[in-house]
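Dumped model.cif below, it's mmCIF, C-alpha atoms:
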```cif
data_protein
loop_
_atom_site.label_atom_id
_atom_site.label_comp_id
_atom_site.auth_asym_id
_atom_site.auth_seq_id
_atom_site.Cartn_x
_atom_site.Cartn_y
_atom_site.Cartn_z
CA MET R 1 -13.85 3.53 -16.71
CA TYR R 2 -17.28 2.10 -17.48
CA GLN R 3 -20.33 3.39 -15.67
CA THR R 4 -20.82 2.10 -12.19
CA GLU R 5 -22.94 2.81 -9.18
CA TYR R 6 -21.53 3.53 -5.73
CA LYS R 7 -23.11 2.73 -2.39
CA ARG R 8 -21.69 3.17 1.07
CA ALA R 9 -22.43 0.41 3.57
CA GLY R 10 -22.87 1.14 7.26
CA SER R 11 -22.44 -2.47 8.33
CA LEU R 12 -21.07 -5.72 6.92
CA ASP R 13 -24.58 -7.18 6.77
CA GLU R 14 -25.82 -4.25 4.74
CA ALA R 15 -22.80 -4.54 2.43
CA ALA R 16 -23.42 -8.25 1.86
CA GLN R 17 -27.09 -7.62 1.12
CA LEU R 18 -26.30 -4.89 -1.40
CA VAL R 19 -23.80 -7.05 -3.27
CA ALA R 20 -26.09 -10.09 -3.11
CA ALA R 21 -28.89 -8.03 -4.67
CA SER R 22 -26.67 -6.92 -7.55
CA GLY R 23 -26.94 -10.21 -9.42
CA GLY R 24 -23.27 -11.09 -9.34
CA GLU R 25 -22.17 -7.77 -10.85
CA GLY R 26 -21.40 -5.97 -7.61
CA LYS R 27 -18.07 -5.72 -5.86
CA TYR R 28 -16.82 -4.57 -2.49
CA VAL R 29 -14.38 -1.70 -2.50
CA SER R 30 -12.28 -0.75 0.48
CA GLY R 31 -9.17 1.33 -0.27
CA GLY R 32 -9.66 0.64 -3.97
CA MET R 33 -5.94 0.71 -4.66
CA THR R 34 -6.18 -2.32 -6.93
CA LEU R 35 -9.83 -2.22 -7.92
CA ILE R 36 -10.01 1.39 -9.15
CA PRO R 37 -6.92 1.05 -11.43
CA THR R 38 -8.33 -2.24 -12.72
CA MET R 39 -11.63 -0.52 -13.51
CA LYS R 40 -9.81 2.34 -15.22
CA GLN R 41 -8.12 -0.21 -17.47
CA ARG R 42 -11.54 -1.72 -18.11
CA LEU R 43 -10.31 -5.08 -16.84
CA ALA R 44 -13.15 -4.97 -14.30
CA SER R 45 -16.54 -3.40 -14.75
CA PRO R 46 -18.66 -3.98 -11.66
CA SER R 47 -22.10 -2.43 -12.00
CA LEU R 48 -22.11 -1.71 -8.29
CA LEU R 49 -19.39 -0.74 -5.82
CA VAL R 50 -20.16 -1.20 -2.14
CA ASP R 51 -17.77 0.81 -0.01
CA LEU R 52 -16.62 -0.92 3.19
CA ARG R 53 -14.43 1.95 4.36
CA HIS R 54 -17.12 3.44 6.55
CA VAL R 55 -18.30 0.22 8.17
CA GLU R 56 -18.14 0.67 11.91
CA GLY R 57 -15.77 -1.66 13.75
CA HIS R 58 -14.07 -2.92 10.56
CA LYS R 59 -10.70 -1.44 11.48
CA GLY R 60 -8.14 -2.09 14.19
CA ILE R 61 -5.30 -4.22 15.51
CA ALA R 62 -5.59 -6.26 18.71
CA VAL R 63 -2.65 -8.00 20.36
CA SER R 64 -3.44 -10.39 23.19
CA GLY R 65 -0.40 -12.26 24.41
CA GLN R 66 1.11 -13.58 21.20
CA THR R 67 -2.18 -13.62 19.32
CA VAL R 68 -2.56 -10.87 16.75
CA THR R 69 -5.90 -10.01 15.16
CA ILE R 70 -6.07 -7.41 12.42
CA LYS R 71 -9.45 -6.33 11.08
CA GLY R 72 -9.99 -6.25 7.34
CA GLY R 73 -10.42 -2.50 6.98
CA THR R 74 -7.06 -1.71 8.56
CA THR R 75 -4.76 0.12 6.16
CA HIS R 76 -1.18 -0.85 5.33
CA ALA R 77 -0.03 2.43 6.90
CA GLU R 78 -1.81 1.62 10.16
CA ILE R 79 -0.27 -1.86 10.22
CA ALA R 80 3.20 -0.50 9.47
CA ALA R 81 2.94 2.17 12.17
CA SER R 82 1.36 0.09 14.97
CA GLU R 83 3.67 0.11 17.98
CA GLU R 84 1.75 -2.79 19.50
CA LEU R 85 2.26 -4.90 16.40
CA LYS R 86 5.90 -3.89 16.08
CA GLY R 87 6.33 -5.12 19.63
CA VAL R 88 5.32 -8.72 18.89
CA ALA R 89 5.64 -9.12 15.11
CA PRO R 90 8.01 -6.50 13.69
CA GLY R 91 8.54 -8.62 10.58
CA PHE R 92 4.87 -8.32 9.69
CA ALA R 93 4.76 -4.57 10.33
CA GLY R 94 7.90 -4.24 8.22
CA LEU R 95 6.20 -6.08 5.36
CA ALA R 96 3.31 -3.59 5.36
CA GLN R 97 5.81 -0.73 5.15
CA LEU R 98 7.07 -2.17 1.83
CA ILE R 99 3.69 -2.21 0.08
CA GLY R 100 3.19 0.40 -2.65
CA ASP R 101 4.10 3.92 -1.60
CA PRO R 102 2.93 6.12 1.31
CA ALA R 103 -0.19 7.36 -0.50
CA VAL R 104 -1.18 3.82 -1.47
CA ARG R 105 -0.57 2.61 2.08
CA HIS R 106 -2.91 5.29 3.42
CA MET R 107 -5.83 3.84 1.46
CA GLY R 108 -5.13 0.16 0.76
CA THR R 109 -6.34 -2.39 3.30
CA ILE R 110 -5.26 -5.86 4.37
CA GLY R 111 -8.77 -7.22 3.78
CA GLY R 112 -8.77 -6.03 0.20
CA SER R 113 -5.34 -7.41 -0.48
CA VAL R 114 -6.17 -10.80 1.01
CA ALA R 115 -9.49 -11.05 -0.85
CA ASN R 116 -7.91 -10.11 -4.19
CA PHE R 117 -4.88 -12.46 -3.87
CA ASP R 118 -2.77 -10.80 -6.55
CA PRO R 119 0.17 -13.08 -7.41
CA ALA R 120 2.52 -10.31 -6.26
CA ALA R 121 0.61 -9.32 -3.11
CA ASP R 122 2.85 -9.24 -0.05
CA TYR R 123 0.62 -10.33 2.85
CA PRO R 124 -0.09 -13.86 1.58
CA ALA R 125 3.58 -14.82 1.93
CA ALA R 126 3.49 -13.93 5.62
CA LEU R 127 0.03 -15.35 6.30
CA LEU R 128 1.03 -18.69 4.76
CA ALA R 129 4.36 -18.83 6.59
CA MET R 130 2.69 -18.14 9.94
CA GLU R 131 -0.24 -20.50 9.30
CA ALA R 132 -2.57 -17.57 9.87
CA THR R 133 -6.34 -17.78 9.93
CA ILE R 134 -8.42 -15.71 7.52
CA LEU R 135 -11.60 -14.40 9.10
CA THR R 136 -14.71 -13.77 7.03
CA ASP R 137 -18.25 -12.69 7.80
CA LYS R 138 -19.24 -16.36 7.63
CA ARG R 139 -16.34 -18.47 8.92
CA GLU R 140 -12.65 -18.90 9.68
CA VAL R 141 -10.36 -20.45 7.10
CA ALA R 142 -6.72 -21.54 7.40
CA ALA R 143 -4.51 -19.47 5.07
CA SER R 144 -3.35 -22.58 3.21
CA ASP R 145 -6.99 -23.50 2.47
CA PHE R 146 -7.86 -19.92 1.57
CA PHE R 147 -5.30 -18.99 -1.06
CA LEU R 148 -6.07 -21.27 -3.99
CA GLY R 149 -4.55 -19.89 -7.18
CA LEU R 150 -4.12 -16.76 -9.29
CA PHE R 151 -6.67 -14.27 -7.96
CA GLU R 152 -8.53 -17.30 -6.64
CA THR R 153 -9.49 -17.74 -3.00
CA ALA R 154 -11.89 -19.86 -0.98
CA LEU R 155 -14.26 -16.89 -0.69
CA ASP R 156 -17.84 -17.63 -1.64
CA GLU R 157 -19.77 -15.13 -3.64
CA ASN R 158 -20.53 -12.06 -1.49
CA GLU R 159 -18.33 -13.31 1.38
CA ILE R 160 -16.28 -10.57 3.05
CA VAL R 161 -12.80 -10.85 4.54
CA THR R 162 -13.24 -9.36 7.99
CA GLY R 163 -9.68 -9.85 9.19
CA VAL R 164 -6.72 -12.11 9.82
CA ARG R 165 -5.43 -13.76 12.98
CA PHE R 166 -2.05 -15.28 13.71
CA GLU R 167 0.30 -16.25 16.49
CA ALA R 168 3.27 -13.90 16.49
CA PRO R 169 6.39 -15.90 15.64
CA GLU R 170 9.55 -15.87 17.78
CA SER R 171 11.22 -13.98 15.01
CA SER R 172 10.33 -13.21 11.43
CA ALA R 173 11.35 -11.10 8.47
CA TYR R 174 10.22 -10.23 4.97
CA GLU R 175 12.60 -9.65 2.13
CA LYS R 176 11.26 -8.15 -1.08
CA PHE R 177 12.99 -8.00 -4.43
CA ARG R 178 11.09 -5.36 -6.31
CA ASN R 179 10.59 -4.86 -9.97
CA PRO R 180 12.45 -1.58 -10.47
CA ALA R 181 9.63 -0.05 -12.54
CA SER R 182 6.38 -1.25 -10.98
CA ARG R 183 7.80 -1.72 -7.46
CA TYR R 184 5.77 -4.93 -7.13
CA ALA R 185 7.54 -8.01 -5.79
CA MET R 186 9.41 -10.01 -8.41
CA CYS R 187 9.87 -12.24 -5.42
CA GLY R 188 9.10 -11.70 -1.76
CA VAL R 189 9.88 -14.21 0.98
CA PHE R 190 8.62 -14.21 4.55
CA VAL R 191 10.49 -16.41 7.01
CA ALA R 192 8.85 -17.05 10.38
CA LYS R 193 10.66 -18.89 13.16
CA ARG R 194 7.84 -20.24 15.27
CA GLY R 195 7.71 -22.23 18.49
CA GLU R 196 9.43 -25.62 18.89
CA GLY R 197 11.91 -24.97 16.09
CA LYS R 198 9.22 -24.88 13.41
CA VAL R 199 10.02 -22.51 10.57
CA GLY R 200 7.54 -21.24 7.97
CA VAL R 201 8.61 -19.95 4.56
CA GLY R 202 6.10 -18.12 2.35
CA VAL R 203 6.96 -16.98 -1.17
CA THR R 204 5.09 -14.41 -3.25
CA GLY R 205 5.57 -12.76 -6.65
CA ALA R 206 7.32 -15.75 -8.19
CA GLY R 207 4.87 -18.65 -8.25
CA ALA R 208 2.67 -19.11 -11.31
CA SER R 209 -0.24 -20.00 -9.01
CA GLY R 210 0.31 -17.17 -6.59
CA ALA R 211 1.95 -17.20 -3.18
CA PHE R 212 3.03 -20.60 -1.83
CA ARG R 213 4.75 -22.26 1.09
CA TRP R 214 8.16 -23.62 0.25
CA ALA R 215 7.96 -26.90 2.15
CA GLU R 216 11.55 -28.07 1.51
CA ALA R 217 12.94 -24.78 2.81
CA GLU R 218 10.68 -25.04 5.84
CA SER R 219 11.94 -28.47 6.83
CA ALA R 220 15.57 -27.55 6.10
CA LEU R 221 15.40 -24.43 8.26
CA SER R 222 13.39 -26.23 10.95
CA GLY R 223 16.19 -28.76 11.23
CA ARG R 224 18.91 -26.15 11.28
CA PHE R 225 18.16 -22.42 11.41
CA ASP R 226 21.17 -21.51 9.35
CA VAL R 227 21.22 -19.86 5.94
CA SER R 228 23.36 -22.65 4.51
CA ALA R 229 20.51 -25.11 5.18
CA LEU R 230 18.99 -23.74 1.96
CA ASP R 231 22.12 -24.41 -0.11
CA GLY R 232 21.14 -27.62 -1.86
CA LEU R 233 17.50 -26.68 -2.40
CA ALA R 234 15.69 -25.45 -5.51
CA VAL R 235 12.10 -24.66 -6.39
CA ASP R 236 10.60 -26.19 -9.50
CA GLU R 237 11.23 -23.86 -12.44
CA GLY R 238 8.08 -25.13 -14.13
CA GLU R 239 5.96 -23.65 -11.36
CA MET R 240 7.41 -20.15 -11.59
CA ILE R 241 6.09 -17.13 -13.48
CA SER R 242 7.78 -16.40 -16.76
CA ASP R 243 7.20 -12.98 -18.30
CA LEU R 244 9.06 -10.06 -19.84
CA HIS R 245 10.46 -9.12 -16.44
CA GLY R 246 12.16 -12.46 -15.87
CA SER R 247 12.20 -16.06 -17.03
CA SER R 248 11.04 -18.87 -14.78
CA ALA R 249 14.67 -19.95 -14.32
CA TYR R 250 15.55 -16.45 -13.17
CA ARG R 251 12.65 -16.43 -10.75
CA ALA R 252 13.48 -19.88 -9.41
CA ASN R 253 16.97 -18.65 -8.58
CA LEU R 254 15.55 -15.46 -7.12
CA VAL R 255 13.37 -17.44 -4.69
CA LYS R 256 16.47 -19.06 -3.22
CA VAL R 257 18.48 -15.85 -3.05
CA VAL R 258 15.66 -13.88 -1.46
CA ALA R 259 14.80 -16.74 0.93
CA LYS R 260 18.39 -16.70 2.19
CA ARG R 261 18.25 -12.97 2.77
CA ALA R 262 14.94 -13.28 4.57
CA ALA R 263 16.25 -16.12 6.76
CA LYS R 264 19.31 -14.07 7.65
CA LYS R 265 17.13 -11.07 8.46
CA ALA R 266 14.93 -13.30 10.65
CA GLY R 267 17.96 -14.24 12.69
CA ALA R 268 19.26 -17.41 11.03
CA SER R 269 22.95 -18.00 11.57
CA GLY R 270 25.54 -18.07 8.79
CA GLY R 271 25.25 -16.54 5.36
CA PRO R 272 26.68 -13.33 4.04
CA GLU R 273 25.98 -9.97 5.63
CA VAL R 274 22.53 -8.85 4.57
CA SER R 275 22.71 -6.27 1.85
CA GLY R 276 19.33 -6.24 0.26
CA PRO R 277 18.64 -4.87 -3.17
CA LYS R 278 19.04 -1.13 -3.27
CA THR R 279 15.74 0.19 -2.18
CA PRO R 280 14.49 3.55 -3.36
CA GLY R 281 17.22 5.91 -2.90
CA GLY R 282 20.03 6.65 -5.15
CA ASP R 283 18.82 9.07 -7.64
CA ALA R 284 15.68 7.44 -8.84
CA PRO R 285 13.12 6.55 -6.22
CA MET X 286 -25.43 11.15 -10.92
CA THR X 287 -24.74 11.45 -7.24
CA ASP X 288 -24.52 14.52 -5.07
CA VAL X 289 -21.22 14.81 -3.28
CA SER X 290 -20.31 17.22 -0.56
CA MET X 291 -16.91 17.72 1.00
CA THR X 292 -14.66 20.32 2.54
CA VAL X 293 -11.98 21.41 0.09
CA ASN X 294 -9.27 23.71 1.41
CA GLY X 295 -11.51 24.66 4.28
CA ARG X 296 -14.46 25.54 2.07
CA GLN X 297 -17.65 23.44 1.96
CA VAL X 298 -18.33 22.39 -1.64
CA THR X 299 -21.02 20.34 -3.30
CA GLY X 300 -21.44 18.93 -6.76
CA SER X 301 -23.30 16.42 -8.83
CA VAL X 302 -21.05 13.80 -10.42
CA GLU X 303 -21.20 10.46 -12.17
CA ASP X 304 -20.25 7.76 -9.70
CA ARG X 305 -17.23 6.89 -11.85
CA THR X 306 -15.81 10.43 -11.61
CA LEU X 307 -12.34 10.47 -10.13
CA LEU X 308 -11.58 12.85 -7.29
CA VAL X 309 -8.93 14.56 -9.43
CA GLN X 310 -11.51 15.20 -12.16
CA PHE X 311 -13.91 16.65 -9.62
CA LEU X 312 -11.22 18.95 -8.24
CA ARG X 313 -10.00 20.11 -11.64
CA ASP X 314 -13.16 20.14 -13.76
CA ASN X 315 -15.91 20.92 -11.28
CA LEU X 316 -14.02 23.12 -8.84
CA GLY X 317 -11.44 24.58 -11.21
CA LEU X 318 -8.60 23.63 -8.87
CA THR X 319 -6.09 22.76 -11.58
CA GLY X 320 -3.03 22.79 -9.33
CA THR X 321 -3.53 19.05 -8.78
CA HIS X 322 -2.12 17.39 -11.89
CA VAL X 323 -2.77 14.16 -13.74
CA GLY X 324 0.51 12.63 -14.81
CA CYS X 325 0.43 8.90 -15.38
CA ASP X 326 -3.20 8.25 -14.42
CA THR X 327 -2.08 4.85 -13.09
CA SER X 328 -1.23 5.75 -9.45
CA GLN X 329 2.50 5.63 -10.04
CA CYS X 330 3.71 9.20 -10.59
CA GLY X 331 2.16 11.10 -7.69
CA ALA X 332 1.41 14.35 -9.56
CA CYS X 333 -2.17 14.04 -8.28
CA VAL X 334 -1.41 13.69 -4.55
CA VAL X 335 -3.80 15.56 -2.25
CA HIS X 336 -4.62 15.11 1.41
CA LEU X 337 -7.78 13.25 2.36
CA ASP X 338 -8.62 13.80 6.01
CA GLY X 339 -5.01 14.80 6.58
CA GLN X 340 -3.31 11.92 4.77
CA ALA X 341 -1.59 11.93 1.38
CA VAL X 342 -3.57 9.98 -1.23
CA LYS X 343 -3.56 9.70 -5.00
CA SER X 344 -6.61 11.53 -6.29
CA CYS X 345 -6.47 9.73 -9.65
CA THR X 346 -7.13 6.44 -7.85
CA LEU X 347 -10.06 7.56 -5.77
CA LEU X 348 -13.63 8.26 -6.78
CA ALA X 349 -15.14 11.60 -5.89
CA VAL X 350 -18.00 9.72 -4.22
CA GLN X 351 -15.50 7.89 -1.98
CA ALA X 352 -14.28 11.27 -0.74
CA SER X 353 -17.75 12.62 -0.06
CA GLY X 354 -18.04 13.78 3.54
CA SER X 355 -14.29 14.08 3.89
CA SER X 356 -11.91 16.97 4.14
CA VAL X 357 -9.59 17.46 1.17
CA THR X 358 -6.54 19.71 0.96
CA THR X 359 -4.96 20.50 -2.40
CA ILE X 360 -1.86 22.49 -3.28
CA GLU X 361 -4.06 25.59 -3.51
CA GLY X 362 -4.98 25.21 0.15
CA LEU X 363 -1.48 25.18 1.64
CA ALA X 364 -0.38 28.81 1.54
CA PRO X 365 -1.62 30.86 4.50
CA SER X 366 -2.35 33.88 2.29
CA ALA X 367 -2.09 35.13 -1.27
CA THR X 368 1.27 36.72 -0.54
CA GLU X 369 2.86 34.09 1.69
CA LEU X 370 4.03 30.60 0.77
CA HIS X 371 3.68 27.50 2.93
CA PRO X 372 7.12 26.64 4.42
CA MET X 373 7.38 23.62 2.12
CA GLN X 374 6.62 25.70 -0.96
CA ALA X 375 9.21 28.24 0.16
CA ALA X 376 11.76 25.47 0.71
CA PHE X 377 11.22 24.06 -2.79
CA ARG X 378 11.81 27.54 -4.21
CA GLU X 379 14.82 28.20 -2.00
CA ASN X 380 16.45 24.86 -2.85
CA HIS X 381 15.51 24.86 -6.51
CA GLY X 382 13.45 21.72 -5.99
CA LEU X 383 11.76 21.96 -9.36
CA GLN X 384 12.41 22.66 -12.99
CA CYS X 385 9.31 22.20 -15.16
CA GLY X 386 7.07 22.12 -12.10
CA TYR X 387 4.67 19.45 -13.31
CA CYS X 388 5.33 17.04 -10.44
CA THR X 389 5.70 19.82 -7.86
CA PRO X 390 2.15 20.00 -6.45
CA GLY X 391 2.21 16.26 -5.75
CA MET X 392 5.76 16.40 -4.43
CA ILE X 393 4.85 19.16 -2.01
CA MET X 394 1.68 17.44 -0.79
CA THR X 395 3.67 14.22 -0.24
CA ALA X 396 6.43 16.19 1.48
CA VAL X 397 4.05 17.98 3.87
CA ASP X 398 2.47 14.63 4.79
CA MET X 399 5.93 13.12 5.35
CA VAL X 400 7.08 15.92 7.64
CA ALA X 401 3.77 15.80 9.52
CA ARG X 402 4.34 12.11 10.27
CA HIS X 403 8.08 12.11 10.98
CA GLY X 404 8.76 15.65 12.19
CA ALA X 405 12.35 16.57 12.94
CA ASP X 406 13.35 12.86 12.97
CA LEU X 407 13.13 12.73 9.19
CA ASP X 408 16.39 11.58 7.62
CA GLU X 409 17.57 11.42 4.05
CA LYS X 410 17.00 7.69 3.64
CA THR X 411 13.40 7.97 4.82
CA VAL X 412 12.75 10.91 2.52
CA ARG X 413 14.09 8.99 -0.47
CA ASP X 414 12.14 5.84 0.52
CA GLU X 415 8.93 7.79 0.90
CA LEU X 416 9.30 9.57 -2.44
CA ASP X 417 8.74 6.14 -3.92
CA GLY X 418 5.36 7.16 -5.29
CA ASN X 419 6.34 10.53 -6.75
CA ILE X 420 8.19 10.75 -10.01
CA CYS X 421 10.17 13.79 -11.21
CA ARG X 422 11.82 13.63 -14.60
CA CYS X 423 13.79 16.90 -14.35
CA THR X 424 15.72 17.46 -11.18
CA GLY X 425 17.04 14.06 -10.19
CA TYR X 426 15.45 14.39 -6.73
CA HIS X 427 18.53 15.81 -5.03
CA ASN X 428 17.11 19.28 -4.47
CA ILE X 429 13.67 17.94 -3.64
CA VAL X 430 15.20 15.85 -0.85
CA LYS X 431 17.19 18.88 0.30
CA ALA X 432 14.05 21.02 0.42
CA ILE X 433 12.10 18.48 2.47
CA LEU X 434 14.97 17.95 4.90
CA SER X 435 15.37 21.69 5.37
CA VAL X 436 11.75 22.00 6.47
CA ALA X 437 12.05 18.99 8.79
CA GLN X 438 15.21 20.42 10.34
CA SER X 439 13.70 23.86 10.79
CA MET X 440 11.14 22.22 13.07
CA GLN X 441 13.77 21.16 15.58
CA GLY X 442 12.85 22.64 18.93
CA SER X 443 10.19 24.93 17.54
CA GLY X 444 6.44 24.75 17.50
CA GLU X 445 6.59 24.75 13.71
CA GLY X 446 5.66 21.07 13.52
CA GLN X 447 2.14 21.55 14.69
CA ARG X 448 1.61 24.41 12.31
CA ILE X 449 2.76 22.42 9.30
CA ALA X 450 0.88 19.33 10.36
CA ALA X 451 -2.29 21.28 10.99
CA GLU X 452 -1.97 23.15 7.71
#
```
How does this structure look as structure tokens?
Amino acid sequence: MYQTEYKRAGSLDEAAQLVAASGGEGKYVSGGMTLIPTMKQRLASPSLLVDLRHVEGHKGIAVSGQTVTIKGGTTHAEIAASEELKGVAPGFAGLAQLIGDPAVRHMGTIGGSVANFDPAADYPAALLAMEATILTDKREVAASDFFLGLFETALDENEIVTGVRFEAPESSAYEKFRNPASRYAMCGVFVAKRGEGKVGVGVTGAGASGAFRWAEAESALSGRFDVSALDGLAVDEGEMISDLHGSSAYRANLVKVVAKRAAKKAGASGGPEVSGPKTPGGDAP
Amino acid sequence: MTDVSMTVNGRQVTGSVEDRTLLVQFLRDNLGLTGTHVGCDTSQCGACVVHLDGQAVKSCTLLAVQASGSSVTTIEGLAPSATELHPMQAAFRENHGLQCGYCTPGMIMTAVDMVARHGADLDEKTVRDELDGNICRCTGYHNIVKAILSVAQSMQGSGEGQRIAAE
């Protein structure tokens, strides 16, 4: 890791001032579960790290009716374990439980994940499917206007993700097909059945431009919330990631398979019994 | 250089470190606590797991300065005395939950955290799921899982849970 300087912010204002004064070389760090490994690989070399973990009031989950607000500094473990959240949006809590491993979930935060927008990050699939709002220290942005491309978001320089807000869907589920070595999503699909028969489908891990909404699947499932509604559909192979873990054709097929499993898990009728990919277990966690 | 100060295994410690120093380096090089291992150095293998304010974290993916002001427990801080093992350490020995022992400190720290969160409700599937971030290349996990479950089960109806959780 290259040399860096660490400062701990007591408030979001202080954090923004510190990064603003760093001449574009400073970065916010929260859990650091992506940033620290990236710095160790020398793929990032911020001259200044401003720690948000100790900012007062930057953590917490509030559920009011069906409206869920999660502050940026909330960890994946806190989201996964929240009884209040499980009560209204168990699909979202279940998604958080599938991020990384227990030690990573204890440190990593939703704000950091949203701000980084890794193409395999899990939250964006759900936030897109639920038409969530991303909250920053300056404004509120619709998820679809926020997530722009690979590691690219609508965040201005020095802008901080302070949280997310969404209406809890009637039912929802996340299905994740993990790379057996890295445990990151090769494809993850979040299906949200929202009011008035509207269904949202968010896909992560597969798209070459990061997470996306699969519009055709959304209208098919909105018309008929049955797994077979997805039968004739296909995503464009040309827009999928192709790498040593899987070709774009493989990923395009995976999107459909995983979307069906997610729909079934979210309560769609029809389809085979859900038997997801073998999750850790067997003899090699 | 930055001055850091934290509680490690109940003892107040201070040190002067470069800001880029990892917590695991601080523990091993500055404090001489070499029980915490560096395996992969990429947050995958879990040999470096310690507890930060009571929660399992990977000390190779955390800066020492981030941990300043916190309470850290390492494998050296688990046993109640020089002659007595922590119940989880005893269970790993009893169940032959290790061969070469390299992953063991991290396994045990993860296991203690797991039992503290789930208590006697811990089942085999959960144990295997939650060992996701700890890699062992000798035993095939079977005896590790057995050891963890035996500690969880021994808590049934006893006050043992609090003791393990409180360390």
Identify which of the residues X:Ser356, X:Ser301, X:Thr321, X:Gln329 lies closest to chain R, counting only C-alpha atoms when measuring atom-to-atom distances.
->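 Nearest candidate to chain R out of X:Ser356, X:Ser301, X:Thr321, X:Gln329: X:Gln329.
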Using only C-alpha atoms, which of the listed residues (R:Ser113, R:Thr75, R:Gln17, R:Thr204) sits closest to chain X?
->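 Of R:Ser113, R:Thr75, R:Gln17, R:Thr204, the one nearest chain X is R:Thr75, counting only C-alpha atoms.
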Excluding segment 160-177 of chain R and residues on its chain fewer than 3 positions from it, collect all residues at most 6 Å away from it, counting all atoms listed in the file, and give them as a ChimeraX atom specification.
-> /R:66-72,89,91,95,111,132-137,185-194,262,265-266
Point-to-point distance in Å for atom CA of Pro180 of chain R and atom CA of Gly382 of chain X =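 Separation of atom CA of Gly382 of chain X and atom CA of Pro180 of chain R: 23.7 Å.
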Translate the PyMOL selection byres ((chain R and resi 231-238) around 7), as applied to the file shown, into an explicit residue set as number ranges by chain.
-> R: 228-230, 239-240, 248-249, 252, 256
Would you give me, as a short mmCIF file (atom, residue, chain, number, x, y, z; two decimals) with C-alpha atoms, in the frame of the given file, the residues of chain X that come within 8 Å of chain R, using all atoms listed in the file?
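Listing of out.cif after writing:
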```
data_model
loop_
_atom_site.label_atom_id
_atom_site.label_comp_id
_atom_site.auth_asym_id
_atom_site.auth_seq_id
_atom_site.Cartn_x
_atom_site.Cartn_y
_atom_site.Cartn_z
CA GLU X 303 -21.20 10.46 -12.17
CA ASP X 304 -20.25 7.76 -9.70
CA ARG X 305 -17.23 6.89 -11.85
CA THR X 327 -2.08 4.85 -13.09
CA SER X 328 -1.23 5.75 -9.45
CA GLN X 329 2.50 5.63 -10.04
CA VAL X 334 -1.41 13.69 -4.55
CA GLN X 340 -3.31 11.92 4.77
CA ALA X 341 -1.59 11.93 1.38
CA VAL X 342 -3.57 9.98 -1.23
CA LYS X 343 -3.56 9.70 -5.00
CA THR X 346 -7.13 6.44 -7.85
CA LEU X 347 -10.06 7.56 -5.77
CA VAL X 350 -18.00 9.72 -4.22
CA GLN X 351 -15.50 7.89 -1.98
CA THR X 395 3.67 14.22 -0.24
CA LYS X 410 17.00 7.69 3.64
CA ARG X 413 14.09 8.99 -0.47
CA ASP X 414 12.14 5.84 0.52
CA GLU X 415 8.93 7.79 0.90
CA LEU X 416 9.30 9.57 -2.44
CA ASP X 417 8.74 6.14 -3.92
CA GLY X 418 5.36 7.16 -5.29
CA ASN X 419 6.34 10.53 -6.75
CA ILE X 420 8.19 10.75 -10.01
CA GLY X 425 17.04 14.06 -10.19
CA TYR X 426 15.45 14.39 -6.73
CA HIS X 427 18.53 15.81 -5.03
#
```
Suppose you want the space between atom CA of Val50 of chain R and atom CA of Asn158 of chain R; what is it in Å?
-> 10.9 Å
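Residue membership of the PyMOL selection byres ((chain X and resi 308-318) around 6) in the shown file amounts to Leu307, Thr319, Gly320, Ser344, Cys345, Leu347, Leu348 and Ala349 of chain X.
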May I have the selected residues written with C-alpha atoms, as a short mmCIF file (atom, residue, chain, number, x, y, z; two decimals), keeping the file's coordinate frame?
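The resulting part04.cif:
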```cif
data_model
loop_
_atom_site.label_atom_id
_atom_site.label_comp_id
_atom_site.auth_asym_id
_atom_site.auth_seq_id
_atom_site.Cartn_x
_atom_site.Cartn_y
_atom_site.Cartn_z
CA LEU X 307 -12.34 10.47 -10.13
CA THR X 319 -6.09 22.76 -11.58
CA GLY X 320 -3.03 22.79 -9.33
CA SER X 344 -6.61 11.53 -6.29
CA CYS X 345 -6.47 9.73 -9.65
CA LEU X 347 -10.06 7.56 -5.77
CA LEU X 348 -13.63 8.26 -6.78
CA ALA X 349 -15.14 11.60 -5.89
#
```
Could you write out as lines of an AutoDock Vina configuration file the box around segment 360-377 of chain X (axis-aligned, all atoms listed in the file, 4 Å on each side), with centre and edge lengths in Å to one decimal?
```
center_x = 3.4
center_y = 29.6
center_z = 0.5
size_x = 24.7
size_y = 22.2
size_z = 16.0
```
Would you work out the distance separating atom CA of Ala9 of chain R from atom CA of Thr292 of chain X, expressed in Å to one decimal?
-> 21.4 Å
